[in-house]
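Here's the structure, in C-alpha cells; my notes come after.
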Amino acid sequence: MATLKETLEQNTREGELWERIADRSVGKDWLRCYACGHECPIPDGQAGVCKVRFNRGGRLYVPWGYAAGIQCDPIEKKPFHHAWPGGLAYSFGMLGCDLHCSYCQNWVTSQALRDPAAVSRPMSATPAEMAREAVELGAKVLVSTYNEPLITAEWAVAVFREAKKAGLATGFVSNGNATPQVLEYLRPWVDLYKVDLKSFDDRHYRQLGGRLEPILRTIRSLHERGFWVEIVTLLIPGFNDSDDELRRLTEFVASVSPFIPWHVTAFHKDYKMNDPANTTPEMLTHAAEIGRAAGLKYIYAGNLPGRVGDLENTRCHACRELLIERYGYLITGYHLTPEGACPRCATKIPGRWGAKFEGQITERQFVPSRGARRASQLFVVR
Ligand code: SF4
C-alpha cells in the first residue's frame with residue numbers, strides 16, 4: 001500500500017509553469033517554478049515549498065488526475081456576491097498549499113502533506129467527468145478551491161477547458177500569492193477570482209509563510225487583466241483587526257477599484273489558532289465602517305447570518321436602492337434589471353449577472369450523491 005506522498009507523486013505529469021535555471025553555479029538540473037509567488041528554485045529530486053510540485057530529472061512534475069474533495073456550494077459561500085446570485089458552484093480541491101496558516105478552515109486538504117492529523121484521501125477524476133457532472137447537477141460555475149489552486153494551476157486549466165466547452169463559468173478561490181506568469185496562463189480560462197487578503201502587515205504574512213507584496217501585485221494585476229475580483233478578509237481579533245491596519249487595507253483595495261466587493265468575515269476557532277476570541281457582529285460592523293470611509297462601495301459581512309443588519313445585502317452604489325437581499329447564503333430577494341442595473345436609477349452594477357434570477361438549487365453545501373462510484377475511485381493510501 002502506498003503512502004499519501006507516493007500516491008501523489010504517481011498522480012503527476014510534466015507542468016508548464018517553470019523554466020530551467022541557466023546559472024550553472026546553482027547546480028545542474030535546477031529549475032524555477034512560477035505557479036506561485038515563492039518562485040521556488042528546485043534542485044533535481046526535490047519538491048518546492050508546497051511539497052506537491054517537484055523536480056524529477058530536470059523537469060517539473062505537477063499534480064494531475066485526482067481530486068481530494070468535490071462538493072456543491074452556493075456561489076455565495078465562495079464568496080462571490082456579484083456573480084450570478086443563487087448559482088450553484090461545483091467545487092473541487094486537490095491537496096497542498098504554499099502557505100501554512102494556523103487558522104486555516106480547509107486544513108484537512110491544504111496541510112495534508114505537512115500535518116499527519118490532516119487526513120484527506122484523493123480520488124481519481126477526469127476533467128470531462130467533472131464538467132459533465134457539474135452540468136447534470138445544474139451548476140453555473142466550476143470552481144477550484146479547498147486547497148490553494150495556484151499550485152495546481154495546470155490541472156485547473158485542464159478542468160476549465162472542459163467546463164468552458166460545456167458552457168460553464170469558472171472560478172478560483174485563492175490566497176493571491178501569484179506571479180505574472182501564472183495569471184497570464186489562467187486568464188483565458190478563469191472568470192471569477194477571489195483573493196484572501198489576510199492582513200496588511202508583511203510581518204503577519206511572513207508568519208503564515210508568505211509576503212504581502214505579491215498579494216497586492218496580484219490584486220492589481222487581476223483587476224487590470226479583467227478577471228472579476230472579490231476580496232475576503234477573515235477578521236481575527238488581535239491579529240489583523242486594528243483600525244490602522246483595516247484603514248490601510250481598505251484604502252489599498254479602493255485605490256485599485258472602489259467597486260471591488262470586500263467581504264469581511266467572522267473568525268471562529270479552527271485548526272491551531274485557538275487563542276483569539278471569535279469575531280462579533282459589532283467587530284464586523286466597525287470594520288465595514290472603516291471600509292466605507294476608505295471609499296469602498298460594496299462591503300459585506302460574512303459568517304454571522306442575520307446578525308449584521310444590512311451588510312448581507314447589495315445596495316446600488318449610486319442611490320442605495322436595495323438590489324439583492326440575503327440571509328447567509330440564501331437569496332431572499334433579487335431586484336436587478338436584466339441588464340444588471342439598478343431598477344430605480346439605472347446605474348450599471350459591477351459584476352457578472354444573468355438576464356434574470358434563475359432560482360437557487362441550494363443554500364447549503366452538499367456532496368454529489370455518486371457515493372458508490374466515488375468510493376471505487378478513492379486511492380488506497382496509508
Ligand atoms: S507552486 Fe509555489 S511553492 Fe510550489 S513549487 Fe511552485 S513556486 Fe514553489
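Scheme for the C-alpha cells: letters A, B, ... for chains in order shown; per-chain residue numbers from 1; ligand numbers from 1 in order shown.
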With a cut-off of 9 Å, could you pull out the residues of chain A touching ligand 1 and give me the nearest pair of atoms for each, distance in Å to one decimal, using only C-alpha atoms and all ligand atoms, ordered by chain and ascending number, as a tab-separated table?
residue	atom	partner	partner_atom_place_in_ligand_line	distance
A:Leu17	CA	ligand 1	6 (Fe)	8.1
A:Trp18	CA	ligand 1	6 (Fe)	8.1
A:Arg32	CA	ligand 1	7 (S)	7.3
A:Cys33	CA	ligand 1	6 (Fe)	4.4
A:Tyr34	CA	ligand 1	7 (S)	5.3
A:Ala35	CA	ligand 1	1 (S)	4.5
A:Cys36	CA	ligand 1	2 (Fe)	4.0
A:Gly37	CA	ligand 1	7 (S)	6.1
A:His38	CA	ligand 1	7 (S)	4.5
A:Glu39	CA	ligand 1	7 (S)	3.8
A:Cys40	CA	ligand 1	8 (Fe)	4.1
A:Pro41	CA	ligand 1	8 (Fe)	7.5
A:Ile42	CA	ligand 1	5 (S)	7.4
A:Ala47	CA	ligand 1	5 (S)	6.4
A:Gly48	CA	ligand 1	5 (S)	3.5
A:Val49	CA	ligand 1	3 (S)	4.1
A:Cys50	CA	ligand 1	4 (Fe)	4.1
A:Lys51	CA	ligand 1	4 (Fe)	6.5
A:Val52	CA	ligand 1	4 (Fe)	6.6
A:Arg53	CA	ligand 1	5 (S)	5.0
A:Phe54	CA	ligand 1	5 (S)	6.6
A:Asn55	CA	ligand 1	5 (S)	8.9
A:Leu60	CA	ligand 1	5 (S)	8.7
A:Val62	CA	ligand 1	5 (S)	8.8
A:Gly96	CA	ligand 1	4 (Fe)	8.9
A:Cys97	CA	ligand 1	3 (S)	7.5
A:Asp98	CA	ligand 1	3 (S)	4.7
A:Leu99	CA	ligand 1	3 (S)	8.1
A:Leu150	CA	ligand 1	1 (S)	6.6
A:Ile151	CA	ligand 1	1 (S)	4.1
A:Thr152	CA	ligand 1	1 (S)	7.4
A:Ala153	CA	ligand 1	1 (S)	8.6
A:Asn177	CA	ligand 1	2 (Fe)	8.4
A:Ala178	CA	ligand 1	2 (Fe)	8.4
A:Thr179	CA	ligand 1	7 (S)	9.0
For this session: Fewer than 6 positions away in the same chain doesn't count, so skip those; otherwise give me all residues within 7 Å of Ile299 of chain A, counting only C-alpha atoms, as a ChimeraX atom specification.
Result: /A:261-263,288,311
Any idea what's packed within 6 Å of segment 249-257 of chain A, counting only C-alpha atoms, ignoring anything in its chain fewer than 5 positions away? Could you give it as a VMD selection string?
-> chain A and resid 200 291 294 to 296
Saved selection, atoms kept: N, CA and C atoms, as a PDB file, in the first residue's frame:
ATOM      1  N   PHE A 200      -2.701  43.407   6.307  1.00  0.00           N
ATOM      2  CA  PHE A 200      -1.962  44.412   5.545  1.00  0.00           C
ATOM      3  C   PHE A 200      -0.613  44.648   6.196  1.00  0.00           C
ATOM      4  N   GLY A 291     -14.059  50.490   6.048  1.00  0.00           N
ATOM      5  CA  GLY A 291     -14.011  50.277   4.593  1.00  0.00           C
ATOM      6  C   GLY A 291     -14.834  51.311   3.847  1.00  0.00           C
ATOM      7  N   ALA A 294     -13.042  54.455   3.601  1.00  0.00           N
ATOM      8  CA  ALA A 294     -11.932  54.373   2.638  1.00  0.00           C
ATOM      9  C   ALA A 294     -12.429  54.514   1.199  1.00  0.00           C
ATOM     10  N   GLY A 295     -13.741  54.434   1.013  1.00  0.00           N
ATOM     11  CA  GLY A 295     -14.293  54.644  -0.327  1.00  0.00           C
ATOM     12  C   GLY A 295     -14.868  53.408  -0.985  1.00  0.00           C
ATOM     13  N   LEU A 296     -14.844  52.265  -0.302  1.00  0.00           N
ATOM     14  CA  LEU A 296     -15.384  51.052  -0.918  1.00  0.00           C
ATOM     15  C   LEU A 296     -16.906  51.138  -1.033  1.00  0.00           C
TER      16      LEU A 296
END
One residue among A:Ile219, A:Ile21, A:Leu192, A:Ala158 is nearest to Pro127 of chain A when using only C-alpha atoms, and that residue is A:Ala158
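In this model, the gap between atom CA of Arg364 of chain A and atom CA of Asn175 of chain A comes to 23.1 Å.
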I need the residues in segment 99-303 of chain A that are strand (DSSP E or B) according to DSSP; give them as a PDB file with C-alpha atoms, in the first residue's frame.
ATOM      1  CA  MET A 123      -9.814  10.037  -5.714  1.00  0.00           C
ATOM      2  CA  SER A 124      -9.152   9.654  -9.423  1.00  0.00           C
ATOM      3  CA  VAL A 141     -19.768  27.790 -12.151  1.00  0.00           C
ATOM      4  CA  LEU A 142     -16.977  25.256 -11.734  1.00  0.00           C
ATOM      5  CA  VAL A 143     -14.531  26.374  -9.031  1.00  0.00           C
ATOM      6  CA  SER A 144     -11.037  25.317  -7.946  1.00  0.00           C
ATOM      7  CA  ALA A 169     -18.238  29.806 -15.940  1.00  0.00           C
ATOM      8  CA  THR A 170     -15.121  29.161 -13.855  1.00  0.00           C
ATOM      9  CA  GLY A 171     -13.553  30.475 -10.676  1.00  0.00           C
ATOM     10  CA  PHE A 172     -10.506  30.440  -8.407  1.00  0.00           C
ATOM     11  CA  VAL A 173     -10.677  30.753  -4.610  1.00  0.00           C
ATOM     12  CA  SER A 174      -7.103  31.682  -3.835  1.00  0.00           C
ATOM     13  CA  LEU A 192     -14.034  34.824 -11.256  1.00  0.00           C
ATOM     14  CA  TYR A 193     -11.137  35.217  -8.842  1.00  0.00           C
ATOM     15  CA  LYS A 194     -11.482  35.511  -5.081  1.00  0.00           C
ATOM     16  CA  VAL A 195      -8.429  36.664  -3.154  1.00  0.00           C
ATOM     17  CA  ASP A 196      -7.963  36.225   0.582  1.00  0.00           C
ATOM     18  CA  TRP A 228     -13.977  39.557 -11.855  1.00  0.00           C
ATOM     19  CA  VAL A 229     -12.363  40.020  -8.437  1.00  0.00           C
ATOM     20  CA  GLU A 230     -13.836  39.849  -4.932  1.00  0.00           C
ATOM     21  CA  ILE A 231     -11.704  40.124  -1.809  1.00  0.00           C
ATOM     22  CA  VAL A 232     -12.159  38.490   1.561  1.00  0.00           C
ATOM     23  CA  THR A 233     -10.575  39.364   4.889  1.00  0.00           C
ATOM     24  CA  LEU A 234     -11.168  36.961   7.752  1.00  0.00           C
ATOM     25  CA  LEU A 235     -11.240  39.321  10.720  1.00  0.00           C
ATOM     26  CA  TRP A 262     -14.868  43.425   0.056  1.00  0.00           C
ATOM     27  CA  HIS A 263     -16.120  40.649   2.344  1.00  0.00           C
ATOM     28  CA  VAL A 264     -15.106  40.975   5.966  1.00  0.00           C
ATOM     29  CA  THR A 265     -15.895  37.664   7.610  1.00  0.00           C
ATOM     30  CA  ALA A 266     -16.067  36.328  11.148  1.00  0.00           C
ATOM     31  CA  ASP A 270     -10.101  26.413  13.989  1.00  0.00           C
ATOM     32  CA  MET A 273      -5.341  29.105  16.198  1.00  0.00           C
ATOM     33  CA  ILE A 299     -18.935  45.745   1.630  1.00  0.00           C
ATOM     34  CA  TYR A 300     -20.332  42.507   3.008  1.00  0.00           C
ATOM     35  CA  ALA A 301     -20.118  40.978   6.466  1.00  0.00           C
ATOM     36  CA  GLY A 302     -19.981  37.194   6.420  1.00  0.00           C
TER      37      GLY A 302
END
query: Which residues, written as a PyMOL selection string, have at least one atom at most 9 Å from Asp241 of chain A, with only C-alpha atoms counted and residues fewer than 5 positions away on the same chain left out?
result: chain A and resi 199+235-236+246+283+287
Atom CA of Leu330 of chain A to atom CA of Ile290 of chain A measures 26.4 Å
Query raised in the report: Between atom CA of Thr7 of chain A and atom CA of Pro122 of chain A, what is the distance, to one decimal in Å?
Result: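 Going from atom CA of Thr7 of chain A over to atom CA of Pro122 of chain A, I get 8.7 Å.
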Review point. Which neighbours of Ile75 of chain A fall inside 6 Å, counting only C-alpha atoms, when residues of the same chain fewer than 6 positions from it are skipped, and could you give them as JSON, numbers by chain?
Key: {"A": [87, 88, 89]}
Could you write those residues out with N, CA and C atoms, as an mmCIF file, in the first residue's frame?
data_model
loop_
_atom_site.group_PDB
_atom_site.id
_atom_site.type_symbol
_atom_site.label_atom_id
_atom_site.label_comp_id
_atom_site.auth_asym_id
_atom_site.auth_seq_id
_atom_site.Cartn_x
_atom_site.Cartn_y
_atom_site.Cartn_z
ATOM 1 N N GLY A 87 -26.414 30.991 -7.915
ATOM 2 C CA GLY A 87 -25.861 29.939 -8.772
ATOM 3 C C GLY A 87 -25.187 28.835 -7.962
ATOM 4 N N LEU A 88 -25.209 27.634 -8.549
ATOM 5 C CA LEU A 88 -24.548 26.501 -7.896
ATOM 6 C C LEU A 88 -23.084 26.474 -8.327
ATOM 7 N N ALA A 89 -22.181 26.363 -7.363
ATOM 8 C CA ALA A 89 -20.748 26.309 -7.654
ATOM 9 C C ALA A 89 -20.254 24.883 -7.413
#
Counting only C-alpha atoms, the residue of A:Leu8, A:Leu323, A:Ile361, A:Leu31 that sits nearest Ala112 of chain A: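 Among A:Leu8, A:Leu323, A:Ile361, A:Leu31, it is A:Leu8 that comes nearest to Ala112 of chain A.
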**OP:** Just list the residues in segment 220-306 of chain A DSSP gives helix (DSSP H, G or I) on the backbone, as a PyMOL selection string.
**Re:** chain A and resi 220-225+243-256+281-294
